[in-house]
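To be precise, the following lines are query29.txt, and they hold compact mmCIF, C-alpha atoms.
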# COMPACT_ATOMS: atom_id res chain seq x y z
CA MET A 81 86.76 25.05 -26.91
CA VAL A 82 83.61 23.15 -27.94
CA GLU A 83 80.90 25.38 -29.43
CA GLU A 84 77.32 24.68 -28.35
CA TYR A 85 74.90 24.87 -31.22
CA ILE A 86 71.13 25.27 -30.66
CA THR A 87 68.21 24.62 -32.96
CA VAL A 88 66.24 27.22 -34.90
CA SER A 89 63.17 26.36 -32.83
CA LYS A 90 64.97 27.21 -29.60
CA VAL A 91 66.11 30.54 -31.00
CA THR A 92 62.57 31.29 -32.15
CA ASP A 93 61.15 30.24 -28.78
CA TYR A 94 63.67 32.46 -27.00
CA ILE A 95 62.76 35.46 -29.15
CA GLY A 96 59.08 34.68 -28.61
CA GLU A 97 59.57 34.67 -24.85
CA LEU A 98 61.36 38.02 -25.00
CA ILE A 99 58.54 39.59 -27.04
CA GLY A 100 55.85 37.90 -24.95
CA SER A 101 57.32 39.21 -21.72
CA ASP A 102 57.20 42.81 -22.93
CA SER A 103 54.01 44.33 -21.48
CA ASN A 104 54.07 47.08 -24.12
CA LEU A 105 53.53 44.48 -26.84
CA LYS A 106 50.76 42.53 -25.07
CA HIS A 107 48.21 45.26 -25.67
CA ILE A 108 49.09 47.64 -28.46
CA PHE A 109 47.28 50.35 -30.40
CA ILE A 110 48.65 50.84 -33.89
CA LYS A 111 47.55 52.62 -37.06
CA GLY A 112 48.58 52.29 -40.68
CA GLU A 113 47.50 51.43 -44.20
CA LEU A 114 46.20 48.01 -45.29
CA SER A 115 47.72 46.09 -48.18
CA ASN A 116 47.61 42.48 -49.41
CA VAL A 117 44.18 42.13 -47.78
CA LYS A 118 42.72 38.61 -47.95
CA LEU A 119 39.47 37.59 -46.29
CA TYR A 120 39.16 33.81 -46.42
CA ARG A 121 35.98 31.74 -46.38
CA SER A 122 36.91 30.61 -42.90
CA GLY A 123 36.24 34.19 -41.79
CA HIS A 124 39.88 34.98 -40.99
CA LEU A 125 41.48 38.18 -42.30
CA TYR A 126 45.16 38.31 -43.31
CA PHE A 127 46.88 41.56 -44.30
CA THR A 128 49.98 43.72 -44.15
CA LEU A 129 49.91 46.95 -42.17
CA LYS A 130 52.38 49.57 -43.40
CA ASP A 131 53.39 53.19 -43.26
CA GLU A 132 55.95 55.17 -45.26
CA GLU A 133 58.94 53.28 -43.85
CA SER A 134 57.92 49.89 -42.42
CA GLN A 135 55.39 47.08 -42.53
CA ILE A 136 54.13 44.25 -40.33
CA ARG A 137 52.00 41.20 -41.07
CA GLY A 138 48.69 40.92 -39.29
CA VAL A 139 45.81 38.49 -38.76
CA MET A 140 42.29 38.81 -37.34
CA PHE A 141 40.45 35.57 -36.58
CA GLY A 142 36.68 35.56 -37.20
CA ALA A 143 36.86 38.95 -38.89
CA ARG A 144 33.92 38.18 -41.17
CA TYR A 145 31.60 38.10 -38.16
CA LYS A 146 33.20 40.96 -36.20
CA LEU A 147 33.81 43.71 -38.77
CA LYS A 148 31.13 46.21 -39.74
CA PHE A 149 32.96 47.22 -42.93
CA LYS A 150 34.82 45.48 -45.72
CA PRO A 151 38.59 46.04 -45.42
CA LYS A 152 40.35 46.96 -48.67
CA ASP A 153 43.89 47.66 -49.85
CA GLY A 154 44.89 51.27 -49.22
CA MET A 155 42.39 51.74 -46.38
CA LYS A 156 43.71 53.54 -43.33
CA VAL A 157 42.79 51.79 -40.11
CA LEU A 158 43.11 51.88 -36.33
CA ILE A 159 44.02 48.52 -34.79
CA GLU A 160 43.98 47.15 -31.24
CA GLY A 161 45.82 43.91 -30.58
CA LYS A 162 49.12 42.31 -29.54
CA ILE A 163 52.52 41.36 -31.05
CA GLU A 164 53.64 37.74 -30.95
CA VAL A 165 56.14 35.55 -32.78
CA TYR A 166 54.80 33.26 -35.48
CA LYS A 167 57.03 30.25 -34.88
CA ASN A 168 56.52 28.52 -38.27
CA TYR A 169 58.24 31.35 -40.16
CA GLY A 170 60.27 32.85 -37.34
CA THR A 171 58.61 36.22 -37.79
CA TYR A 172 56.67 38.47 -35.51
CA GLN A 173 53.17 39.58 -36.48
CA LEU A 174 50.18 41.53 -35.27
CA TYR A 175 47.21 39.63 -33.80
CA VAL A 176 44.13 41.90 -34.04
CA SER A 177 41.19 42.06 -31.62
CA GLU A 178 39.59 45.31 -32.88
CA ILE A 179 39.88 47.19 -36.15
CA SER A 180 38.16 50.39 -37.37
CA LYS A 181 38.53 52.90 -40.13
CA ASP A 182 40.91 55.74 -39.31
CA GLY A 183 39.30 59.14 -39.02
CA ILE A 184 35.80 57.96 -38.06
CA GLY A 185 36.31 57.34 -34.38
CA ASP A 186 34.33 60.45 -33.53
CA LEU A 187 31.46 59.30 -35.71
CA HIS A 188 31.35 55.94 -33.99
CA ARG A 189 31.25 57.61 -30.59
CA LYS A 190 28.49 59.93 -31.79
CA TYR A 191 26.60 56.92 -33.17
CA GLU A 192 26.70 55.19 -29.78
CA GLU A 193 25.55 58.37 -28.06
CA LEU A 194 22.65 58.81 -30.48
CA LYS A 195 21.62 55.18 -30.04
CA GLU A 196 21.52 55.39 -26.25
CA LYS A 197 18.62 57.84 -25.95
CA PRO A 198 15.98 56.04 -28.07
CA ASN A 199 17.06 52.74 -26.59
CA LYS A 200 16.37 54.00 -23.04
CA GLU A 201 12.98 55.34 -24.19
CA GLY A 202 12.00 51.89 -25.45
CA LEU A 203 11.99 52.67 -29.17
CA PHE A 204 13.97 49.48 -29.84
CA ASP A 205 11.69 47.18 -27.79
CA ASP A 206 10.22 44.19 -29.61
CA SER A 207 6.85 44.86 -27.97
CA HIS A 208 6.39 47.82 -30.35
CA LYS A 209 7.23 45.88 -33.51
CA LYS A 210 4.40 45.46 -36.02
CA LYS A 211 3.98 42.31 -38.09
CA ILE A 212 4.91 42.49 -41.76
CA PRO A 213 1.83 41.49 -43.87
CA ASN A 214 2.18 38.18 -45.69
CA PHE A 215 0.34 39.16 -48.89
CA PRO A 216 0.66 42.92 -49.47
CA LYS A 217 -1.26 44.74 -52.19
CA ARG A 218 0.67 48.03 -52.02
CA ILE A 219 4.24 48.70 -50.84
CA GLY A 220 5.89 52.10 -50.44
CA VAL A 221 9.63 52.77 -50.76
CA VAL A 222 11.43 55.80 -49.30
CA THR A 223 14.80 56.02 -51.06
CA ALA A 224 16.67 57.86 -53.81
CA ALA A 225 14.78 58.00 -57.08
CA ASN A 226 17.78 57.21 -59.29
CA GLY A 227 19.72 54.80 -57.06
CA ALA A 228 20.40 51.13 -57.48
CA ALA A 229 18.32 50.40 -54.36
CA ILE A 230 14.96 51.30 -55.92
CA ARG A 231 15.76 49.34 -59.09
CA ASP A 232 16.67 46.25 -57.06
CA ILE A 233 13.54 46.59 -54.91
CA ILE A 234 11.14 47.01 -57.84
CA THR A 235 12.76 44.19 -59.83
CA THR A 236 12.61 41.80 -56.87
CA ILE A 237 9.00 42.61 -55.97
CA LYS A 238 7.75 42.30 -59.55
CA ARG A 239 9.55 38.99 -59.95
CA ARG A 240 8.37 37.51 -56.64
CA TRP A 241 4.89 39.04 -56.25
CA PRO A 242 3.60 40.76 -59.43
CA LEU A 243 0.21 41.30 -57.80
CA CYS A 244 1.70 44.07 -55.64
CA GLU A 245 1.82 47.77 -56.49
CA VAL A 246 5.05 49.67 -55.67
CA LEU A 247 4.96 53.39 -54.83
CA LEU A 248 8.19 55.41 -54.72
CA PHE A 249 8.54 58.30 -52.28
CA PRO A 250 11.76 59.86 -53.62
CA SER A 251 14.10 61.27 -51.00
CA LEU A 252 17.64 62.44 -50.45
CA VAL A 253 19.54 59.68 -48.65
CA GLN A 254 22.74 61.52 -47.72
CA GLY A 255 23.81 65.07 -47.04
CA ASP A 256 22.66 67.87 -44.76
CA LYS A 257 18.98 67.87 -45.81
CA ALA A 258 18.58 64.12 -46.17
CA ALA A 259 17.20 63.42 -42.67
CA GLU A 260 14.44 66.02 -42.96
CA ASN A 261 13.58 64.78 -46.46
CA ILE A 262 13.34 61.16 -45.26
CA VAL A 263 11.04 62.18 -42.39
CA TYR A 264 8.81 64.15 -44.79
CA GLN A 265 8.41 61.22 -47.15
CA ILE A 266 7.69 58.74 -44.32
CA LYS A 267 4.86 60.96 -43.05
CA ARG A 268 3.60 61.53 -46.60
CA SER A 269 3.48 57.79 -47.28
CA GLU A 270 0.83 57.25 -44.59
CA LYS A 271 -1.79 58.89 -46.82
CA PHE A 272 -1.58 56.10 -49.42
CA ASN A 273 -3.00 53.11 -47.50
CA LEU A 274 0.19 51.07 -47.71
CA ASP A 275 0.59 47.54 -46.40
CA THR A 276 4.36 47.89 -45.90
CA LEU A 277 6.94 50.69 -46.13
CA ILE A 278 10.60 50.09 -47.03
CA VAL A 279 13.04 52.80 -45.91
CA GLY A 280 16.65 52.62 -46.99
CA ARG A 281 19.46 53.04 -49.49
CA GLY A 282 22.45 51.21 -50.94
CA GLY A 283 25.82 50.78 -49.28
CA GLY A 284 28.37 53.45 -48.44
CA SER A 285 30.65 54.76 -45.74
CA ILE A 286 29.43 55.61 -42.28
CA GLU A 287 29.29 59.24 -43.37
CA ASP A 288 27.08 58.31 -46.32
CA LEU A 289 24.66 56.40 -44.11
CA TRP A 290 24.57 58.97 -41.33
CA SER A 291 21.12 60.36 -42.17
CA PHE A 292 19.61 57.09 -40.97
CA ASN A 293 21.23 57.59 -37.56
CA GLU A 294 19.47 60.91 -36.96
CA GLU A 295 16.96 61.03 -34.10
CA ILE A 296 14.19 62.60 -36.22
CA VAL A 297 14.35 59.69 -38.66
CA ALA A 298 14.23 57.16 -35.84
CA ARG A 299 11.14 58.81 -34.32
CA ALA A 300 9.41 59.09 -37.70
CA ILE A 301 9.86 55.34 -38.24
CA TYR A 302 8.68 54.60 -34.69
CA ASP A 303 5.56 56.77 -35.07
CA CYS A 304 4.68 55.37 -38.50
CA ASN A 305 1.43 53.36 -38.48
CA THR A 306 2.56 51.31 -41.46
CA PRO A 307 4.92 48.37 -40.76
CA VAL A 308 8.44 49.53 -41.70
CA ILE A 309 11.32 47.48 -43.08
CA SER A 310 14.71 49.17 -42.74
CA ALA A 311 17.15 48.41 -45.59
CA VAL A 312 20.25 50.57 -45.16
CA GLY A 313 23.59 49.69 -46.75
CA HIS A 314 25.06 46.20 -46.75
CA GLU A 315 24.81 43.30 -44.35
CA ILE A 316 27.55 44.63 -42.05
CA ASP A 317 26.04 48.13 -41.88
CA PHE A 318 23.85 48.96 -38.90
CA THR A 319 22.06 52.26 -38.32
CA ILE A 320 19.67 53.47 -35.63
CA ALA A 321 16.87 53.15 -38.18
CA ASP A 322 17.51 49.40 -38.24
CA PHE A 323 16.87 49.09 -34.50
CA VAL A 324 13.66 51.17 -34.54
CA ALA A 325 12.10 49.59 -37.64
CA ASP A 326 9.67 46.70 -37.35
CA PHE A 327 12.09 44.55 -39.36
CA ARG A 328 15.72 45.00 -40.43
CA ALA A 329 16.87 43.73 -43.83
CA ALA A 330 20.54 43.30 -44.68
CA THR A 331 20.15 44.97 -48.10
CA PRO A 332 17.42 46.67 -50.18
CA THR A 333 17.05 43.47 -52.22
CA ALA A 334 16.64 41.46 -49.02
CA ALA A 335 13.98 43.95 -47.88
CA ALA A 336 11.98 43.32 -51.06
CA GLU A 337 12.24 39.57 -50.51
CA ILE A 338 11.01 39.98 -46.93
CA ALA A 339 8.17 42.29 -47.95
CA VAL A 340 6.53 39.94 -50.46
CA PRO A 341 6.04 36.18 -50.71
CA PRO A 342 7.35 34.14 -53.66
CA TYR A 343 4.47 34.00 -56.15
CA GLU A 344 5.63 30.87 -57.98
CA GLU A 345 6.25 28.98 -54.78
CA ILE A 346 2.82 29.90 -53.42
CA LYS A 347 1.20 29.04 -56.73
CA ASN A 348 2.93 25.65 -56.78
CA GLY A 349 2.05 25.16 -53.13
CA ILE A 350 -1.64 25.87 -53.82
CA ASN A 351 -1.59 23.48 -56.77
CA GLN A 352 -0.03 20.80 -54.60
CA LEU A 353 -2.62 21.40 -51.87
CA SER A 354 -5.41 21.27 -54.46
CA LEU A 355 -4.06 18.00 -55.83
CA ARG A 356 -3.71 16.51 -52.37
CA ALA A 357 -7.21 17.70 -51.44
CA ASN A 358 -8.71 16.09 -54.56
CA LEU A 359 -6.86 12.87 -53.87
CA ALA A 360 -8.02 12.89 -50.26
CA ILE A 361 -11.65 13.58 -51.29
CA ASN A 362 -11.64 10.84 -53.91
CA LYS A 363 -10.07 8.41 -51.46
CA THR A 364 -12.72 9.26 -48.86
CA LEU A 365 -15.51 8.86 -51.41
CA ASP A 366 -14.18 5.48 -52.51
CA GLU A 367 -13.85 4.30 -48.92
CA ASN A 368 -17.37 5.47 -48.01
CA LYS A 369 -18.84 3.90 -51.18
CA SER A 370 -17.16 0.64 -50.27
CA LYS A 371 -18.61 0.85 -46.76
CA LEU A 372 -22.07 1.64 -48.16
CA ASP A 373 -21.95 -1.29 -50.59
CA ASN A 374 -20.91 -3.55 -47.75
CA ILE A 375 -23.81 -2.36 -45.59
CA VAL A 376 -26.38 -2.64 -48.38
CA SER A 377 -25.26 -6.18 -49.15
CA LYS A 378 -25.99 -7.38 -45.61
CA GLN A 379 -28.92 -9.81 -45.06
CA LEU A 380 -30.51 -7.28 -42.74
CA PHE A 381 -31.39 -4.95 -45.60
CA LYS A 382 -32.51 -7.81 -47.83
CA ALA A 383 -34.99 -9.12 -45.19
CA PRO A 384 -35.59 -6.28 -42.70
CA CYS A 385 -38.33 -8.28 -40.92
CA GLU A 386 -35.58 -10.41 -39.47
CA LEU A 387 -34.51 -7.35 -37.48
CA TYR A 388 -37.75 -7.02 -35.46
CA ALA A 389 -39.08 -10.61 -35.50
CA PRO A 390 -36.93 -11.70 -32.52
CA LYS A 391 -38.06 -8.57 -30.67
CA GLU A 392 -41.71 -9.48 -31.28
CA MET A 393 -41.10 -12.92 -29.86
CA MET A 394 -39.47 -11.40 -26.82
CA LEU A 395 -42.45 -9.05 -26.41
CA ASP A 396 -44.94 -11.94 -26.61
CA ASN A 397 -42.96 -13.82 -24.00
CA VAL A 398 -42.91 -10.80 -21.68
CA VAL A 399 -46.69 -10.31 -22.12
CA ARG A 400 -47.34 -13.98 -21.26
CA ARG A 401 -45.17 -13.77 -18.16
CA LEU A 402 -46.85 -10.54 -17.09
CA GLN A 403 -50.31 -12.04 -17.59
CA HIS A 404 -49.38 -15.16 -15.64
CA SER A 405 -47.91 -13.10 -12.81
CA SER A 406 -50.95 -10.85 -12.55
CA GLU A 407 -53.33 -13.85 -12.50
CA SER A 408 -51.24 -15.50 -9.77
CA LEU A 409 -51.22 -12.32 -7.72
CA ILE A 410 -55.01 -11.94 -8.03
CA MET A 411 -55.55 -15.55 -7.00
CA ARG A 412 -53.34 -15.23 -3.92
CA ASN A 413 -55.10 -12.08 -2.77
CA LYS A 414 -58.52 -13.71 -3.39
CA ASN A 415 -57.53 -16.65 -1.17
CA LYS A 416 -56.42 -14.28 1.61
CA LEU A 417 -59.69 -12.43 1.36
CA ASP A 418 -61.67 -15.68 1.62
CA LEU A 419 -59.68 -16.66 4.73
CA LEU A 420 -60.49 -13.34 6.33
CA LYS A 421 -64.17 -13.65 5.53
CA ASN A 422 -64.32 -17.10 7.17
CA SER A 423 -62.33 -16.15 10.29
CA ASN A 424 -63.94 -15.98 13.80
CA VAL A 425 -62.96 -12.31 14.05
CA LEU A 426 -65.44 -11.29 11.43
CA LYS A 427 -68.11 -13.87 12.42
CA ASN A 428 -68.14 -13.28 16.28
CA PRO A 429 -66.56 -9.90 17.04
CA GLU A 430 -68.52 -9.68 20.38
CA ASN A 431 -66.71 -12.73 21.79
CA ILE A 432 -63.34 -11.20 20.93
CA ILE A 433 -64.22 -7.97 22.77
CA LYS A 434 -65.60 -9.89 25.76
CA ASN A 435 -62.45 -12.01 26.09
CA GLN A 436 -60.20 -8.92 25.86
CA LYS A 437 -62.27 -7.16 28.58
CA GLU A 438 -62.04 -10.10 30.97
CA ASN A 439 -58.31 -10.31 30.46
CA TYR A 440 -58.01 -6.57 31.19
CA LEU A 441 -59.91 -6.85 34.49
CA LEU A 442 -57.75 -9.81 35.53
CA GLN A 443 -54.58 -7.87 34.97
CA LEU A 444 -56.00 -4.85 36.82
CA SER A 445 -56.82 -6.93 39.88
CA LYS A 446 -53.26 -8.23 39.94
CA LEU A 447 -51.96 -4.67 39.96
CA GLU A 448 -54.31 -3.76 42.82
CA ILE A 449 -52.84 -6.49 44.95
CA LEU A 450 -49.35 -5.05 44.44
CA ASN A 451 -50.45 -1.47 45.27
CA PRO A 452 -48.65 -0.37 48.51
CA LEU A 453 -51.51 2.02 49.43
CA ASN A 454 -53.83 -0.92 50.05
CA THR A 455 -51.46 -2.02 52.82
CA LEU A 456 -52.02 1.31 54.60
CA LYS A 457 -55.80 0.76 54.52
CA ARG A 458 -55.27 -2.37 56.57
CA GLY A 459 -53.61 -0.38 59.41
CA TYR A 460 -50.02 -0.58 58.34
CA THR A 461 -47.66 2.45 58.00
CA LEU A 462 -44.62 3.41 55.93
CA ALA A 463 -41.48 4.85 57.51
CA LYS A 464 -39.38 7.23 55.34
CA ILE A 465 -36.19 9.22 55.76
CA GLU A 466 -35.88 12.10 53.30
CA GLY A 467 -38.59 10.52 51.09
CA LYS A 468 -36.95 7.09 50.98
CA VAL A 469 -38.78 4.06 52.49
CA VAL A 470 -37.02 2.48 55.51
CA SER A 471 -37.27 -1.30 55.27
CA SER A 472 -34.96 -2.25 58.20
CA ALA A 473 -34.20 -0.91 61.68
CA LYS A 474 -30.54 -1.15 60.82
CA GLN A 475 -30.99 1.80 58.51
CA LEU A 476 -31.82 4.07 61.48
CA LYS A 477 -29.67 5.70 64.11
CA SER A 478 -30.42 7.88 67.14
CA GLY A 479 -31.45 11.43 66.20
CA ASP A 480 -32.70 10.65 62.64
CA ASP A 481 -35.81 12.54 61.55
CA LEU A 482 -38.37 9.95 60.60
CA GLU A 483 -41.57 10.49 58.57
CA VAL A 484 -44.37 7.99 59.23
CA GLU A 485 -47.08 7.74 56.54
CA PHE A 486 -50.60 6.59 57.52
CA GLU A 487 -53.64 6.11 55.28
CA ASP A 488 -55.02 9.50 56.21
CA GLY A 489 -51.83 11.54 56.69
CA ASN A 490 -48.16 11.80 57.71
CA VAL A 491 -46.46 12.21 61.11
CA ASN A 492 -42.87 13.42 61.68
CA THR A 493 -40.89 11.91 64.61
CA LYS A 494 -37.31 11.48 65.80
CA VAL A 495 -35.47 8.25 66.59
CA ILE A 496 -34.34 8.09 70.29

In structure tokens, how does this file's structure come out?
Amino acid sequence: MVEEYITVSKVTDYIGELIGSDSNLKHIFIKGELSNVKLYRSGHLYFTLKDEESQIRGVMFGARYKLKFKPKDGMKVLIEGKIEVYKNYGTYQLYVSEISKDGIGDLHRKYEELKEKPNKEGLFDDSHKKKIPNFPKRIGVVTAANGAAIRDIITTIKRRWPLCEVLLFPSLVQGDKAAENIVYQIKRSEKFNLDTLIVGRGGGSIEDLWSFNEEIVARAIYDCNTPVISAVGHEIDFTIADFVADFRAATPTAAAEIAVPPYEEIKNGINQLSLRANLAINKTLDENKSKLDNIVSKQLFKAPCELYAPKEMMLDNVVRRLQHSSESLIMRNKNKLDLLKNSNVLKNPENIIKNQKENYLLQLSKLEILNPLNTLKRGYTLAKIEGKVVSSAKQLKSGDDLEVEFEDGNVNTKVI
């Protein structure tokens, strides 16, 4: 009997197909304790998940950008994902899509519920956000008096913008009374003519940061007339205060950097602008001086009469032409006048009138000859039908009403 041997890859593929075909392993919810946690620069998280008796390797791709907390060894977590075979080592492992701290699921649900109400009311809208002043003179800080946050804020502001005054409004930042204390200090800060107000604290668990999720804190920040920068926890921590504030900073130190400009950079920038302005002014002055020297050196300024001499010649020429034209015009009109004075019209006006009268009478006599009424005086008549002259017998027929016009009247008759 010949034995059939298969490769390791085929065995691994076969096991992978068996695990992959199991619907219970395609979407699994699992809890345990983290160990051997490694978060690489690529953003991928590798770890081992274990309990009292067993362990399984796990991986979460892009964890750096998805997680809102920093996973550590010994941390208890809730994981959602799937089980697949990792072919390179012939082992099965957990591929994670969601991961959260164990025991805080209720807090996360409560957080989402608290966030929903102010969001619907428009407290998160960008249209309500106030601009952070570029060059503040006085900044207020609502945080714990003895925490690292206030030290980092003051140190950063004094280093970046020493011209600014920092006022601390000390407050509880965690615990049962923290929310009310934060609200009190926010309202109190509005009496001090601040340019900017920083509200926040250092990092901690979701329980530690919970005061900044309270509705009264959110509304106090929203109602504050001073521009507010929220600086709660670390970069991955988000609270409702962050969404309501005019600007959200990842950390208290980042809030201080946002609140004030860099003094040295601005100083160097002003010096550079001053230098460039002086260079530009000097360059412009040199260019204009060169232009002025060039203009002054022109022959025109050395002998200015040369500018108007040609114009005077042109004027003299125009005057001569105008004088010649006027004399010619006067002479022509004088000749016309002389012709009129010597004409027969002015010398014998009676002959002109007599000739015109004789011509008029001649024309009148011609018209008299053509007058049809003169024909009637000589015994002739005019025959008309309906006012129209009948010139031929062919125009008449028996029974027509005919009007005969004599010199002294009309007679109506009928054609037989």

- Message: What's around Ile338 (chain A) at 10 Å? Count only C-alpha atoms, leave out sequence neighbours fewer than 3 positions away in its own chain, and write the answer as a ChimeraX atom specification.
- Response: /A:212-214,237,309,327-329,332-335,341-342

- CA of Val246 (chain A) to CA of Asp303 (chain A), straight-line distance in Å: 21.8 Å

- Message: So that I can check the surroundings of region 288-290 of chain A, please list as number ranges by chain every protein, DNA and RNA residue that reaches within 8 Å of it, counting all atoms listed in the file and ignoring chain neighbours fewer than 6 positions away.
- Response: A: 253-255, 312-313, 319

- Could you tell me how far CA of Gly202 (chain A) lies from CA of Ala330 (chain A), in Å and to one decimal?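 Separation of CA of Gly202 (chain A) and CA of Ala330 (chain A): 22.7 Å.
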
Can you list, as a PDB file with C-alpha atoms, in the frame of the given file, every protein, DNA or RNA residue that comes within 10 Å of region 228-236 of chain A when you count all atoms listed in the file, leaving out same-chain residues fewer than 6 positions away?
ATOM      1  CA  ILE A 219       4.240  48.700 -50.840  1.00  0.00           C
ATOM      2  CA  VAL A 221       9.630  52.770 -50.760  1.00  0.00           C
ATOM      3  CA  VAL A 222      11.430  55.800 -49.300  1.00  0.00           C
ATOM      4  CA  PRO A 242       3.600  40.760 -59.430  1.00  0.00           C
ATOM      5  CA  GLU A 245       1.820  47.770 -56.490  1.00  0.00           C
ATOM      6  CA  VAL A 246       5.050  49.670 -55.670  1.00  0.00           C
ATOM      7  CA  LEU A 247       4.960  53.390 -54.830  1.00  0.00           C
ATOM      8  CA  LEU A 248       8.190  55.410 -54.720  1.00  0.00           C
ATOM      9  CA  PRO A 250      11.760  59.860 -53.620  1.00  0.00           C
ATOM     10  CA  ILE A 278      10.600  50.090 -47.030  1.00  0.00           C
ATOM     11  CA  GLY A 280      16.650  52.620 -46.990  1.00  0.00           C
ATOM     12  CA  ARG A 281      19.460  53.040 -49.490  1.00  0.00           C
ATOM     13  CA  GLY A 282      22.450  51.210 -50.940  1.00  0.00           C
ATOM     14  CA  GLY A 283      25.820  50.780 -49.280  1.00  0.00           C
ATOM     15  CA  ALA A 311      17.150  48.410 -45.590  1.00  0.00           C
ATOM     16  CA  VAL A 312      20.250  50.570 -45.160  1.00  0.00           C
ATOM     17  CA  GLY A 313      23.590  49.690 -46.750  1.00  0.00           C
ATOM     18  CA  THR A 331      20.150  44.970 -48.100  1.00  0.00           C
ATOM     19  CA  PRO A 332      17.420  46.670 -50.180  1.00  0.00           C
ATOM     20  CA  THR A 333      17.050  43.470 -52.220  1.00  0.00           C
ATOM     21  CA  ALA A 334      16.640  41.460 -49.020  1.00  0.00           C
ATOM     22  CA  ALA A 335      13.980  43.950 -47.880  1.00  0.00           C
ATOM     23  CA  ALA A 336      11.980  43.320 -51.060  1.00  0.00           C
ATOM     24  CA  GLU A 337      12.240  39.570 -50.510  1.00  0.00           C
ATOM     25  CA  ALA A 339       8.170  42.290 -47.950  1.00  0.00           C
ATOM     26  CA  VAL A 340       6.530  39.940 -50.460  1.00  0.00           C
ATOM     27  CA  PRO A 342       7.350  34.140 -53.660  1.00  0.00           C
TER      28      PRO A 342
END

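Compared by their closest atoms to Val324 (chain A), and using only C-alpha atoms, the residues A:Glu345, A:Asp206, A:Asp256, A:Glu178 rank with A:Asp206 nearest.
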
- Item | Top pick for closest residue to Asp182 (chain A), considering A:Val139, A:Leu441, A:Met155, A:Leu277 and counting all atoms listed in the file |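 Looking at the shortest contact to Asp182 (chain A), the residue is A:Met155.
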
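All residues of protein, DNA or RNA that reach within 8 Å of region 85-93 of chain A, judged by only C-alpha atoms and not counting those fewer than 5 positions away in the chain, are Val165, Lys167 and Gly170 of chain A.
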
Enclosing box along x, y and z for every listed atom of region 257-267 of chain A, padded 8 Å each side, centre and size in Å, one decimal, as JSON:
{"center_x": 11.9, "center_y": 63.3, "center_z": -44.8, "size_x": 30.1, "size_y": 25.1, "size_z": 20.8}
